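Colleague: The following file, upload_37.csv, comprises CSV, C-alpha atoms:
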```csv
chain,number,residue,atom,x,y,z
A,300,MET,CA,-244.8,23.9,13.9
A,301,ILE,CA,-246.2,22.3,17.1
A,302,PHE,CA,-245.3,18.7,18.0
A,303,SER,CA,-247.5,16.6,20.2
A,304,ALA,CA,-246.0,14.8,23.2
A,305,SER,CA,-246.5,11.5,21.5
A,306,ALA,CA,-244.7,12.7,18.3
A,307,VAL,CA,-241.7,13.9,20.3
A,308,ALA,CA,-241.6,10.6,22.2
A,309,ALA,CA,-241.6,8.7,18.9
A,310,GLN,CA,-238.4,10.5,18.0
A,311,THR,CA,-236.5,9.1,21.0
A,312,ILE,CA,-235.5,5.8,22.5
A,313,SER,CA,-235.5,5.4,26.2
A,314,GLY,CA,-233.4,3.0,28.3
A,315,VAL,CA,-231.5,2.4,31.4
A,316,VAL,CA,-227.8,1.6,32.3
A,317,VAL,CA,-227.4,-1.2,34.9
A,318,ASP,CA,-224.6,-3.1,36.6
A,319,ALA,CA,-224.2,-6.4,34.8
A,320,GLU,CA,-223.7,-8.3,38.1
A,321,ASN,CA,-226.3,-6.9,40.5
A,322,HIS,CA,-228.6,-5.3,37.9
A,323,GLU,CA,-228.7,-2.1,39.9
A,324,PRO,CA,-228.9,1.2,38.0
A,325,VAL,CA,-225.6,2.9,37.2
A,326,PRO,CA,-226.1,6.6,37.8
A,327,HIS,CA,-224.7,9.3,35.5
A,328,ALA,CA,-223.2,6.9,33.0
A,329,ILE,CA,-221.6,8.8,30.1
A,330,MET,CA,-223.2,8.1,26.7
A,331,THR,CA,-221.8,9.0,23.3
A,332,ASP,CA,-223.6,8.7,20.0
A,333,ALA,CA,-223.6,10.5,16.6
A,334,GLN,CA,-225.4,13.5,18.3
A,335,GLY,CA,-222.8,14.0,21.0
A,336,VAL,CA,-222.3,13.2,24.7
A,337,ARG,CA,-224.9,13.0,27.4
A,338,ARG,CA,-225.3,11.4,30.8
A,339,ALA,CA,-227.8,9.0,32.2
A,340,ASP,CA,-229.7,10.4,35.3
A,341,GLU,CA,-229.3,9.4,38.9
A,342,ALA,CA,-231.4,6.2,38.2
A,343,GLY,CA,-229.4,5.3,35.1
A,344,ARG,CA,-232.2,6.4,32.8
A,345,PHE,CA,-231.6,8.1,29.4
A,346,SER,CA,-233.1,9.0,26.1
A,347,LEU,CA,-231.5,8.8,22.7
A,348,ASP,CA,-232.5,10.1,19.3
A,349,ALA,CA,-234.3,7.4,17.4
A,350,GLY,CA,-231.9,7.6,14.5
A,351,ALA,CA,-228.9,6.5,16.5
A,352,ALA,CA,-227.4,3.2,15.2
A,353,THR,CA,-225.0,2.6,18.2
A,354,VAL,CA,-224.3,4.2,21.5
A,355,ALA,CA,-221.0,4.0,23.4
A,356,VAL,CA,-221.3,3.9,27.2
A,357,ARG,CA,-218.8,4.1,30.1
A,358,ALA,CA,-218.8,4.9,33.8
A,359,PRO,CA,-216.1,4.9,36.5
A,360,GLY,CA,-215.6,1.4,37.9
A,361,TYR,CA,-216.8,-0.4,34.8
A,362,LEU,CA,-215.6,-1.5,31.4
A,363,ARG,CA,-216.6,0.7,28.5
A,364,THR,CA,-219.0,-0.8,25.9
A,365,THR,CA,-220.7,0.0,22.6
A,366,VAL,CA,-224.1,-1.4,21.8
A,367,ALA,CA,-226.4,-1.4,18.8
A,368,VAL,CA,-229.6,0.6,19.1
A,369,THR,CA,-232.8,-1.3,18.3
A,370,PRO,CA,-235.5,1.1,16.9
A,371,ASP,CA,-238.8,1.2,18.8
A,372,ALA,CA,-237.5,-0.8,21.7
A,373,PRO,CA,-236.2,0.3,25.1
A,374,LEU,CA,-232.5,-0.3,25.8
A,375,LYS,CA,-231.1,-2.0,28.8
A,376,ILE,CA,-227.4,-1.6,28.8
A,377,ALA,CA,-225.3,-3.7,31.2
A,378,LEU,CA,-221.9,-2.5,32.2
A,379,THR,CA,-219.3,-5.0,33.6
A,380,PRO,CA,-217.7,-3.9,36.9
A,381,PHE,CA,-213.9,-3.7,36.6
A,382,ARG,CA,-211.1,-2.4,38.8
A,383,PRO,CA,-207.7,-2.2,37.0
A,384,ARG,CA,-204.7,-3.5,38.9
A,385,ALA,CA,-201.8,-2.5,36.7
A,386,VAL,CA,-198.1,-2.4,36.2
A,387,TYR,CA,-196.2,0.1,34.2
A,388,LEU,CA,-194.2,-0.4,31.0
A,389,SER,CA,-192.1,2.3,29.4
A,390,ALA,CA,-191.7,2.6,25.6
A,391,TYR,CA,-188.6,0.4,26.0
A,392,GLY,CA,-190.5,-2.1,28.2
A,393,VAL,CA,-193.5,-2.6,25.9
A,394,THR,CA,-191.2,-3.0,22.8
A,395,ASN,CA,-188.9,-5.5,24.6
A,396,ALA,CA,-190.5,-8.9,24.3
A,397,THR,CA,-188.9,-10.2,27.5
A,398,LEU,CA,-190.1,-7.3,29.7
A,399,ARG,CA,-193.5,-7.3,28.0
A,400,ASP,CA,-194.0,-11.1,28.3
A,401,ALA,CA,-193.0,-11.0,32.0
A,402,ALA,CA,-195.6,-8.3,32.7
A,403,VAL,CA,-198.3,-10.3,30.9
A,404,GLU,CA,-197.4,-13.5,32.8
A,405,LEU,CA,-198.2,-11.7,36.0
A,406,THR,CA,-201.9,-12.0,35.1
A,407,GLU,CA,-201.6,-15.8,35.6
A,408,ARG,CA,-200.4,-15.6,39.2
A,409,THR,CA,-201.4,-12.3,40.6
A,410,PRO,CA,-204.4,-9.8,40.4
A,411,ILE,CA,-202.7,-7.9,37.6
A,412,ASN,CA,-205.2,-7.3,34.9
A,413,ALA,CA,-204.0,-4.0,33.3
A,414,LEU,CA,-201.0,-2.3,31.8
A,415,VAL,CA,-200.0,1.3,31.8
A,416,ILE,CA,-198.0,1.8,28.6
A,417,ASP,CA,-196.0,4.9,27.6
A,418,MET,CA,-197.4,6.3,24.4
A,419,LYS,CA,-195.2,9.4,24.9
A,420,GLY,CA,-192.8,9.0,27.8
A,421,ASP,CA,-190.6,11.3,29.9
A,422,ARG,CA,-188.1,11.8,27.1
A,423,GLY,CA,-190.7,12.2,24.4
A,424,MET,CA,-190.3,8.7,23.0
A,425,THR,CA,-193.1,6.7,21.5
A,426,PRO,CA,-193.1,2.9,21.0
A,427,TYR,CA,-194.5,3.4,17.5
A,428,GLN,CA,-194.1,5.6,14.5
A,429,SER,CA,-196.2,8.5,15.5
A,430,ALA,CA,-197.7,10.6,12.7
A,431,ALA,CA,-198.4,13.4,15.1
A,432,ARG,CA,-194.8,13.5,16.3
A,433,ASP,CA,-193.5,13.3,12.7
A,434,ALA,CA,-195.8,16.1,11.5
A,435,ILE,CA,-194.7,18.5,14.2
A,436,GLY,CA,-191.0,17.8,13.8
A,437,ALA,CA,-190.4,16.1,17.2
A,438,SER,CA,-189.4,12.7,15.8
A,439,ALA,CA,-186.4,14.2,14.2
A,440,HIS,CA,-184.9,14.9,17.7
A,441,LEU,CA,-185.2,11.5,19.2
A,442,GLY,CA,-181.8,10.2,18.4
A,443,ASP,CA,-180.8,6.8,17.1
A,444,HIS,CA,-181.8,4.6,20.0
A,445,ALA,CA,-185.4,5.5,20.4
A,446,PRO,CA,-187.5,2.3,20.8
A,447,SER,CA,-190.0,1.5,18.1
A,448,VAL,CA,-191.6,-1.6,16.5
A,449,ARG,CA,-192.9,-1.9,13.0
A,450,ASP,CA,-196.3,-3.2,14.0
A,451,PHE,CA,-197.2,-1.7,17.4
A,452,GLN,CA,-200.9,-2.3,16.6
A,453,ALA,CA,-200.3,-6.0,16.6
A,454,ILE,CA,-198.9,-5.8,20.2
A,455,VAL,CA,-202.0,-3.8,21.3
A,456,ASP,CA,-204.3,-6.3,19.7
A,457,ALA,CA,-202.5,-9.2,21.3
A,458,LEU,CA,-202.7,-7.6,24.8
A,459,HIS,CA,-206.4,-7.1,24.3
A,460,ARG,CA,-206.9,-10.7,23.4
A,461,ARG,CA,-205.4,-11.5,26.8
A,462,HIS,CA,-208.3,-9.3,28.2
A,463,LEU,CA,-205.9,-6.7,29.5
A,464,TYR,CA,-207.2,-3.2,30.2
A,465,LEU,CA,-204.8,-0.8,28.5
A,466,ILE,CA,-203.9,2.6,29.7
A,467,ALA,CA,-202.0,5.0,27.5
A,468,ARG,CA,-199.6,7.2,29.5
A,469,ILE,CA,-198.9,10.5,27.8
A,470,VAL,CA,-196.3,12.9,29.3
A,471,VAL,CA,-197.5,16.3,28.4
A,472,PHE,CA,-195.5,19.4,29.2
A,473,LYS,CA,-192.1,17.7,29.7
A,474,ASP,CA,-191.0,17.2,26.1
A,475,ASP,CA,-187.5,17.8,25.1
A,476,PRO,CA,-187.8,16.6,21.4
A,477,LEU,CA,-190.8,19.0,20.9
A,478,ALA,CA,-188.8,21.8,22.6
A,479,GLN,CA,-186.0,21.3,20.1
A,480,ALA,CA,-188.4,21.3,17.2
A,481,HIS,CA,-190.3,24.4,18.5
A,482,PRO,CA,-188.2,26.5,20.9
A,483,GLU,CA,-190.8,29.3,20.6
A,484,TRP,CA,-193.1,27.1,22.7
A,485,THR,CA,-190.7,26.4,25.6
A,486,VAL,CA,-190.5,27.5,29.2
A,487,ARG,CA,-187.8,30.1,29.7
A,488,ASP,CA,-185.5,31.0,32.6
A,489,ALA,CA,-185.2,34.4,34.2
A,490,ALA,CA,-182.7,35.5,31.5
A,491,GLY,CA,-185.1,34.4,28.7
A,492,ARG,CA,-183.1,31.2,27.8
A,493,PRO,CA,-184.7,27.8,27.3
A,494,TRP,CA,-185.0,26.3,30.8
A,495,ARG,CA,-183.9,22.7,31.6
A,496,ASP,CA,-184.8,20.6,34.6
A,497,ARG,CA,-182.5,18.5,36.8
A,498,GLU,CA,-182.4,15.8,34.0
A,499,ASN,CA,-181.3,18.5,31.5
A,500,LEU,CA,-184.7,18.2,29.7
A,501,GLN,CA,-186.8,21.1,28.4
A,502,TRP,CA,-190.4,21.7,29.2
A,503,MET,CA,-193.2,23.2,27.1
A,504,ASP,CA,-195.2,26.3,28.1
A,505,PRO,CA,-198.5,24.9,29.6
A,506,PHE,CA,-200.3,28.0,28.3
A,507,SER,CA,-199.5,27.2,24.6
A,508,GLN,CA,-202.5,25.9,22.8
A,509,ASP,CA,-200.2,24.6,20.0
A,510,VAL,CA,-198.7,22.3,22.7
A,511,TRP,CA,-202.2,21.3,23.8
A,512,ARG,CA,-203.3,20.4,20.3
A,513,HIS,CA,-200.2,18.3,19.7
A,514,ASN,CA,-200.6,16.3,22.9
A,515,ILE,CA,-204.2,15.7,22.1
A,516,ASP,CA,-203.2,14.5,18.6
A,517,VAL,CA,-201.0,11.9,20.3
A,518,ALA,CA,-203.9,11.0,22.6
A,519,GLN,CA,-206.1,10.5,19.6
A,520,GLU,CA,-203.6,8.1,18.1
A,521,ALA,CA,-203.7,6.0,21.3
A,522,ALA,CA,-207.5,6.1,21.3
A,523,ARG,CA,-207.6,5.0,17.7
A,524,ALA,CA,-205.2,2.1,18.5
A,525,GLY,CA,-207.8,0.8,21.0
A,526,PHE,CA,-206.5,1.9,24.4
A,527,ASP,CA,-209.2,1.9,27.0
A,528,GLU,CA,-207.9,4.9,28.9
A,529,ILE,CA,-205.8,8.0,28.2
A,530,GLN,CA,-203.7,9.0,31.2
A,531,PHE,CA,-202.0,12.4,31.1
A,532,ASP,CA,-198.8,12.8,33.2
A,533,TYR,CA,-196.7,15.9,33.8
A,534,VAL,CA,-199.9,17.8,33.2
A,535,ARG,CA,-198.5,20.6,35.4
A,536,PHE,CA,-196.2,23.5,35.6
A,537,PRO,CA,-192.5,22.9,36.4
A,538,ASP,CA,-191.8,22.9,40.2
A,539,ALA,CA,-189.1,25.6,39.9
A,540,SER,CA,-189.1,29.3,40.6
A,541,GLY,CA,-188.1,32.2,38.4
A,542,LEU,CA,-189.5,30.8,35.2
A,543,GLN,CA,-191.1,32.7,32.4
A,544,PHE,CA,-194.2,31.7,30.5
A,545,SER,CA,-196.4,33.3,27.8
A,546,GLN,CA,-198.9,34.5,30.5
A,547,PRO,CA,-198.4,35.7,34.1
A,548,ASN,CA,-197.5,32.9,36.4
A,549,THR,CA,-200.4,33.3,38.8
A,550,ARG,CA,-202.4,30.6,40.7
A,551,ALA,CA,-205.5,31.4,38.7
A,552,ASN,CA,-203.7,31.3,35.4
A,553,ARG,CA,-201.9,28.0,36.3
A,554,THR,CA,-205.1,26.2,37.3
A,555,GLY,CA,-207.0,27.6,34.4
A,556,ALA,CA,-204.3,26.3,32.0
A,557,ILE,CA,-204.3,22.8,33.4
A,558,VAL,CA,-208.1,22.5,33.5
A,559,GLY,CA,-208.3,24.1,30.1
A,560,PHE,CA,-206.0,21.5,28.6
A,561,LEU,CA,-207.9,18.6,30.2
A,562,ASP,CA,-211.3,20.0,29.1
A,563,ALA,CA,-209.9,20.3,25.5
A,564,ALA,CA,-208.6,16.8,25.7
A,565,ARG,CA,-211.9,15.4,27.0
A,566,THR,CA,-213.8,17.1,24.2
A,567,ARG,CA,-211.6,15.9,21.4
A,568,LEU,CA,-211.5,12.3,22.8
A,569,ALA,CA,-215.3,12.1,23.3
A,570,PRO,CA,-216.0,10.2,20.0
A,571,TYR,CA,-213.7,7.4,21.2
A,572,ASN,CA,-215.5,6.7,24.5
A,573,VAL,CA,-212.1,6.4,26.3
A,574,PHE,CA,-211.7,7.1,30.0
A,575,VAL,CA,-209.6,10.2,30.7
A,576,ALA,CA,-207.3,10.4,33.7
A,577,ALA,CA,-204.4,12.5,35.0
A,578,ASP,CA,-201.6,12.0,37.4
A,579,ILE,CA,-201.1,14.4,40.3
A,580,PHE,CA,-198.5,14.9,43.0
A,581,GLY,CA,-199.3,13.1,46.2
A,582,TYR,CA,-199.2,16.3,48.3
A,583,VAL,CA,-201.9,17.7,46.0
A,584,CYS,CA,-204.3,15.5,48.0
A,585,TRP,CA,-203.4,17.6,51.1
A,586,ASN,CA,-202.5,21.1,49.9
A,587,LEU,CA,-205.3,23.7,49.7
A,588,ASP,CA,-203.6,25.7,46.9
A,589,ASP,CA,-202.3,24.5,43.5
A,590,THR,CA,-198.9,23.5,45.0
A,591,ALA,CA,-197.5,26.2,42.6
A,592,ILE,CA,-197.8,23.8,39.7
A,593,GLY,CA,-201.5,24.3,38.6
A,594,GLN,CA,-202.8,21.1,40.2
A,595,GLU,CA,-205.6,22.0,42.5
A,596,LEU,CA,-207.6,19.0,43.6
A,597,ASP,CA,-211.0,20.6,43.7
A,598,THR,CA,-210.7,21.6,40.0
A,599,LEU,CA,-209.9,18.2,38.5
A,600,SER,CA,-213.1,16.2,39.0
A,601,ALA,CA,-215.0,17.7,36.1
A,602,PRO,CA,-212.6,17.1,33.2
A,603,LEU,CA,-211.5,13.6,34.5
A,604,ASP,CA,-213.0,10.2,34.9
A,605,TYR,CA,-210.1,9.2,37.2
A,606,ILE,CA,-207.7,11.1,39.3
A,607,SER,CA,-204.4,9.3,39.9
A,608,PRO,CA,-202.4,10.6,42.9
A,609,MET,CA,-198.8,9.4,43.0
A,610,LEU,CA,-198.7,8.1,46.5
A,611,TYR,CA,-195.1,6.9,46.6
A,612,PRO,CA,-194.0,7.1,50.3
A,613,SER,CA,-190.5,8.2,49.0
A,614,GLY,CA,-192.2,11.2,47.5
A,615,PHE,CA,-193.6,12.4,50.8
A,616,THR,CA,-190.3,14.0,51.8
A,617,TRP,CA,-191.9,16.2,54.5
A,618,GLY,CA,-193.9,13.3,55.8
A,619,LEU,CA,-197.4,13.8,57.1
A,620,PRO,CA,-198.6,15.0,60.6
A,621,GLY,CA,-197.7,12.2,62.9
A,622,CYS,CA,-195.7,10.4,60.3
A,623,THR,CA,-192.1,11.5,59.9
A,624,ASN,CA,-190.8,8.3,58.1
A,625,PRO,CA,-193.2,7.5,55.3
A,626,VAL,CA,-191.3,4.5,54.0
A,627,ALA,CA,-191.6,2.8,57.3
A,628,ASP,CA,-195.4,3.0,57.1
A,629,PRO,CA,-196.5,3.0,53.4
A,630,GLU,CA,-200.0,1.9,54.3
A,631,GLN,CA,-200.6,5.0,56.3
A,632,ILE,CA,-199.4,7.3,53.4
A,633,VAL,CA,-201.9,5.7,51.0
A,634,ARG,CA,-204.8,5.3,53.4
A,635,ARG,CA,-204.6,8.8,54.8
A,636,SER,CA,-204.0,10.5,51.4
A,637,LEU,CA,-207.0,8.8,49.8
A,638,HIS,CA,-209.2,9.6,52.7
A,639,GLU,CA,-208.1,13.3,52.5
A,640,ALA,CA,-208.8,13.4,48.8
A,641,LYS,CA,-212.3,11.9,49.1
A,642,LEU,CA,-213.1,14.1,52.0
A,643,ARG,CA,-212.0,17.3,50.2
A,644,THR,CA,-213.7,16.5,46.9
A,645,GLY,CA,-216.8,14.6,48.0
A,646,LEU,CA,-216.0,12.1,45.3
A,647,PRO,CA,-216.3,8.3,45.9
A,648,GLY,CA,-213.3,6.1,46.0
A,649,VAL,CA,-214.0,4.8,42.5
A,650,ARG,CA,-213.0,8.2,41.0
A,651,PHE,CA,-209.4,7.7,42.2
A,652,ARG,CA,-206.7,5.2,41.1
A,653,PRO,CA,-203.4,5.8,42.8
A,654,TRP,CA,-199.9,5.1,41.7
A,655,LEU,CA,-198.0,3.0,44.3
A,656,GLN,CA,-194.3,2.4,44.9
A,657,ALA,CA,-192.7,-0.7,43.6
A,658,PHE,CA,-189.1,0.6,43.5
A,659,ARG,CA,-186.2,1.2,46.0
A,660,ASP,CA,-186.6,4.2,48.3
A,661,TYR,CA,-184.5,7.2,47.2
A,662,ALA,CA,-185.3,9.8,49.9
A,663,PHE,CA,-185.0,8.1,53.3
A,664,ASP,CA,-183.1,4.9,54.0
A,665,ARG,CA,-182.8,3.3,50.5
A,666,ARG,CA,-184.8,0.3,51.5
A,667,GLU,CA,-186.2,-2.1,48.9
A,668,PHE,CA,-190.0,-2.0,48.6
A,669,ASP,CA,-190.7,-5.7,49.1
A,670,ALA,CA,-193.9,-7.8,49.4
A,671,THR,CA,-194.8,-6.4,52.8
A,672,ALA,CA,-194.5,-2.8,51.6
A,673,ILE,CA,-196.2,-3.3,48.3
A,674,ARG,CA,-199.1,-5.3,49.7
A,675,ALA,CA,-199.6,-2.7,52.5
A,676,GLN,CA,-200.2,-0.1,49.8
A,677,THR,CA,-202.5,-2.2,47.6
A,678,LYS,CA,-204.6,-3.2,50.6
A,679,ALA,CA,-205.0,0.5,51.6
A,680,ALA,CA,-206.1,1.4,48.1
A,681,ASP,CA,-208.5,-1.5,47.9
A,682,ASP,CA,-209.9,-0.7,51.3
A,683,ALA,CA,-210.5,2.9,50.1
A,684,GLY,CA,-212.8,1.6,47.3
A,685,THR,CA,-210.5,3.0,44.6
A,686,ASP,CA,-210.7,2.0,40.9
A,687,GLY,CA,-207.8,-0.3,41.5
A,688,TRP,CA,-204.2,0.8,41.6
A,689,MET,CA,-201.0,1.0,39.5
A,690,LEU,CA,-197.5,-0.1,40.4
A,691,TRP,CA,-194.6,2.0,39.2
A,692,ASN,CA,-191.1,0.6,38.7
A,693,PRO,CA,-189.0,2.5,36.2
A,694,ARG,CA,-187.0,-0.6,35.3
A,695,ASN,CA,-190.3,-2.4,34.4
A,696,ARG,CA,-189.4,-5.4,36.6
A,697,TYR,CA,-192.0,-6.9,38.9
A,698,ASP,CA,-191.7,-10.0,41.1
A,699,ALA,CA,-194.9,-12.0,41.3
A,700,ALA,CA,-193.9,-13.0,44.8
A,701,ASP,CA,-194.1,-9.3,45.9
A,702,LEU,CA,-197.6,-8.8,44.6
A,703,PRO,CA,-200.9,-9.4,46.2
A,704,ARG,CA,-202.5,-12.9,45.8
```
What does this structure look like when you write it as structure tokens?

Modeller:
Amino acid sequence: MIFSASAVAAQTISGVVVDAENHEPVPHAIMTDAQGVRRADEAGRFSLDAGAATVAVRAPGYLRTTVAVTPDAPLKIALTPFRPRAVYLSAYGVTNATLRDAAVELTERTPINALVIDMKGDRGMTPYQSAARDAIGASAHLGDHAPSVRDFQAIVDALHRRHLYLIARIVVFKDDPLAQAHPEWTVRDAAGRPWRDRENLQWMDPFSQDVWRHNIDVAQEAARAGFDEIQFDYVRFPDASGLQFSQPNTRANRTGAIVGFLDAARTRLAPYNVFVAADIFGYVCWNLDDTAIGQELDTLSAPLDYISPMLYPSGFTWGLPGCTNPVADPEQIVRRSLHEAKLRTGLPGVRFRPWLQAFRDYAFDRREFDATAIRAQTKAADDAGTDGWMLWNPRNRYDAADLPR
């Protein structure tokens, strides 16, 4: 059967994605409808199947949106510019009304407009009753003091009513409860025993697709709860030598496993129109290899909307060329690392959102990170044109007086 050009055209709806403030085209916006995922072109133009009822749209530097499709009419979809400026809440922090309310109150006196919330934290805890964790047996190994609230969805909904952008942090391959439930999926030491890190916690084999599937199941729970972004942390191999995995521990295999997991996550999360991000070591911005953990900067742009380097000055224990005391000059660490990352990848600043230090130094002189240090970091991130920034404090305590105005 031969279709005329006019007949083909009648089966599609054309449109353009624009910036809601300046009405300029948004290039390469990501569009999801019942037929799958596609991208607008460089000029923001797109075509959809005429049968689509709605289309979900997102682009780095903007809020995601979903719009109704009007048959036989071109679409003009406006995306609202948005740069998250976030503080972190652990599973304990988000379920503790005092800590949660204090974080929300920052939005009234500071630029804070977003929260990073542990949906599966460093010790495998979730702030809600996770069906995915229950089904795989991990919940049975959490102990009696794991935080949880009966109606976590009500908390999420209340935070959204405050117009907060919500980021679900999911710790991937460091997962002691999952290791106890499934020791056959764990990282092993040279003698073949389950390996534990300095915190006495077990890790999962990053090659295991069973582990991949479970973590993406947890990510889907967060997406269904309404989180705007899924942020994977500990999406790497352990930084220890002599360990055994289910495949040879080569650089190519490591980077392939990390990108493979992120690709699988992006595919499964596509129907939810959530942004996908991952945390990386700060030195990954500088190292030309994979830092022996599978994080190679040049491989991460395709599966991710946002790359989040952890630019804590205390983490730069070897300094940088010309900077031997990073905690004395936190601005330099952030500024130079972001410049290096953009230079190496060719990506614009909006594809990066760094983690910044809002806790006492542990590596150099034990200094507090006060208003001067915190504001130096946030200014460097803003000057680099990043998609905002995130402040890390493991105690979930933030002083409005220390934050930017």

Colleague: What separation in Å, quoted to one decimal, exists between atom CA of Gly423 of chain A and atom CA of Pro693 of chain A?

Modeller: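 For atom CA of Gly423 of chain A relative to atom CA of Pro693 of chain A, the distance reads 15.4 Å.
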
Colleague: Taking all atoms listed in the file into account, which of A:Val510, A:Glu520, A:Thr397, A:Val455 comes nearest Gln428 of chain A?

Modeller: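 Closest residue, counting all atoms listed in the file: A:Glu520.
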
Colleague: Within 12 Å of (-197.2, -6.0, 55.9), in the coordinates the file gives, what residues turn up when you count only C-alpha atoms, written out as an MDAnalysis selection string?

Modeller: chainID A and resid 627:631 668:679 701:703

Colleague: Using all atoms listed in the file, can you tell me which of A:Gln479, A:Asn552, A:Asn514, A:Thr394 comes closest to Gln501 of chain A?

Modeller: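 Result for the nearest residue to Gln501 of chain A: A:Gln479.
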
Colleague: Identify, on the basis of only C-alpha atoms, every residue whose closest approach to segment 613-626 of chain A does not exceed 12 Å; exclude the query and any residue fewer than 6 positions from it along the same chain; express the result as a ChimeraX atom specification.

Modeller: /A:579-586,632-636,639,654-669,671-673,675-676

Colleague: Could you write out the selected residues, including C-alpha atoms, as a CSV table (one decimal), keeping the file's coordinate frame?

Modeller:
```csv
chain,number,residue,atom,x,y,z
A,579,ILE,CA,-201.1,14.4,40.3
A,580,PHE,CA,-198.5,14.9,43.0
A,581,GLY,CA,-199.3,13.1,46.2
A,582,TYR,CA,-199.2,16.3,48.3
A,583,VAL,CA,-201.9,17.7,46.0
A,584,CYS,CA,-204.3,15.5,48.0
A,585,TRP,CA,-203.4,17.6,51.1
A,586,ASN,CA,-202.5,21.1,49.9
A,632,ILE,CA,-199.4,7.3,53.4
A,633,VAL,CA,-201.9,5.7,51.0
A,634,ARG,CA,-204.8,5.3,53.4
A,635,ARG,CA,-204.6,8.8,54.8
A,636,SER,CA,-204.0,10.5,51.4
A,639,GLU,CA,-208.1,13.3,52.5
A,654,TRP,CA,-199.9,5.1,41.7
A,655,LEU,CA,-198.0,3.0,44.3
A,656,GLN,CA,-194.3,2.4,44.9
A,657,ALA,CA,-192.7,-0.7,43.6
A,658,PHE,CA,-189.1,0.6,43.5
A,659,ARG,CA,-186.2,1.2,46.0
A,660,ASP,CA,-186.6,4.2,48.3
A,661,TYR,CA,-184.5,7.2,47.2
A,662,ALA,CA,-185.3,9.8,49.9
A,663,PHE,CA,-185.0,8.1,53.3
A,664,ASP,CA,-183.1,4.9,54.0
A,665,ARG,CA,-182.8,3.3,50.5
A,666,ARG,CA,-184.8,0.3,51.5
A,667,GLU,CA,-186.2,-2.1,48.9
A,668,PHE,CA,-190.0,-2.0,48.6
A,669,ASP,CA,-190.7,-5.7,49.1
A,671,THR,CA,-194.8,-6.4,52.8
A,672,ALA,CA,-194.5,-2.8,51.6
A,673,ILE,CA,-196.2,-3.3,48.3
A,675,ALA,CA,-199.6,-2.7,52.5
A,676,GLN,CA,-200.2,-0.1,49.8
```

Colleague: Select from segment 495-588 of chain A every residue with an atom at most 12 Å from any atom of segment 352-375 of chain A, then for each give the shortest pair of atoms and their distance in Å to one decimal, using all atoms listed in the file, rows by chain and rising number, as a Markdown table.

Modeller:
```
| residue | atom | partner | partner_atom | distance |
| --- | --- | --- | --- | --- |
| A:Gly525 | CA | A:Arg363 | CA | 11.6 |
| A:Phe526 | CA | A:Arg363 | CA | 11.0 |
| A:Asp527 | CA | A:Arg363 | CA | 7.6 |
| A:Glu528 | CA | A:Arg363 | CA | 9.7 |
| A:Ala569 | CA | A:Ala355 | CA | 9.9 |
| A:Pro570 | CA | A:Ala355 | CA | 8.7 |
| A:Tyr571 | CA | A:Ala355 | CA | 8.3 |
| A:Asn572 | CA | A:Ala355 | CA | 6.2 |
| A:Val573 | CA | A:Arg363 | CA | 7.6 |
| A:Phe574 | CA | A:Arg357 | CA | 7.7 |
| A:Val575 | CA | A:Pro359 | CA | 10.2 |
| A:Ala576 | CA | A:Pro359 | CA | 10.7 |
```

Colleague: Can you list, as a compact mmCIF listing (two decimals) with C-alpha atoms, in the coordinates of the input, every protein, DNA or RNA residue that comes within 12 Å of segment 689-691 of chain A when you count all atoms listed in the file, leaving out same-chain residues fewer than 5 positions away?

Modeller:
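After the write, selection.txt holds the following:
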```
# COMPACT_ATOMS: atom_id res chain seq x y z
CA ARG A 382 -211.10 -2.40 38.80
CA PRO A 383 -207.70 -2.20 37.00
CA ARG A 384 -204.70 -3.50 38.90
CA ALA A 385 -201.80 -2.50 36.70
CA VAL A 386 -198.10 -2.40 36.20
CA TYR A 387 -196.20 0.10 34.20
CA LEU A 388 -194.20 -0.40 31.00
CA SER A 389 -192.10 2.30 29.40
CA ALA A 402 -195.60 -8.30 32.70
CA PRO A 410 -204.40 -9.80 40.40
CA ILE A 411 -202.70 -7.90 37.60
CA ASN A 412 -205.20 -7.30 34.90
CA ALA A 413 -204.00 -4.00 33.30
CA LEU A 414 -201.00 -2.30 31.80
CA VAL A 415 -200.00 1.30 31.80
CA ILE A 416 -198.00 1.80 28.60
CA TYR A 464 -207.20 -3.20 30.20
CA LEU A 465 -204.80 -0.80 28.50
CA ILE A 466 -203.90 2.60 29.70
CA ARG A 468 -199.60 7.20 29.50
CA GLN A 530 -203.70 9.00 31.20
CA ASP A 578 -201.60 12.00 37.40
CA SER A 607 -204.40 9.30 39.90
CA PRO A 608 -202.40 10.60 42.90
CA MET A 609 -198.80 9.40 43.00
CA LEU A 610 -198.70 8.10 46.50
CA TYR A 611 -195.10 6.90 46.60
CA PHE A 651 -209.40 7.70 42.20
CA ARG A 652 -206.70 5.20 41.10
CA PRO A 653 -203.40 5.80 42.80
CA TRP A 654 -199.90 5.10 41.70
CA LEU A 655 -198.00 3.00 44.30
CA GLN A 656 -194.30 2.40 44.90
CA ALA A 657 -192.70 -0.70 43.60
CA PHE A 658 -189.10 0.60 43.50
CA ARG A 659 -186.20 1.20 46.00
CA PHE A 668 -190.00 -2.00 48.60
CA ALA A 672 -194.50 -2.80 51.60
CA ILE A 673 -196.20 -3.30 48.30
CA ARG A 674 -199.10 -5.30 49.70
CA GLN A 676 -200.20 -0.10 49.80
CA THR A 677 -202.50 -2.20 47.60
CA ALA A 680 -206.10 1.40 48.10
CA ASP A 681 -208.50 -1.50 47.90
CA ARG A 696 -189.40 -5.40 36.60
CA TYR A 697 -192.00 -6.90 38.90
CA ASP A 698 -191.70 -10.00 41.10
CA ASP A 701 -194.10 -9.30 45.90
CA LEU A 702 -197.60 -8.80 44.60
CA PRO A 703 -200.90 -9.40 46.20
```
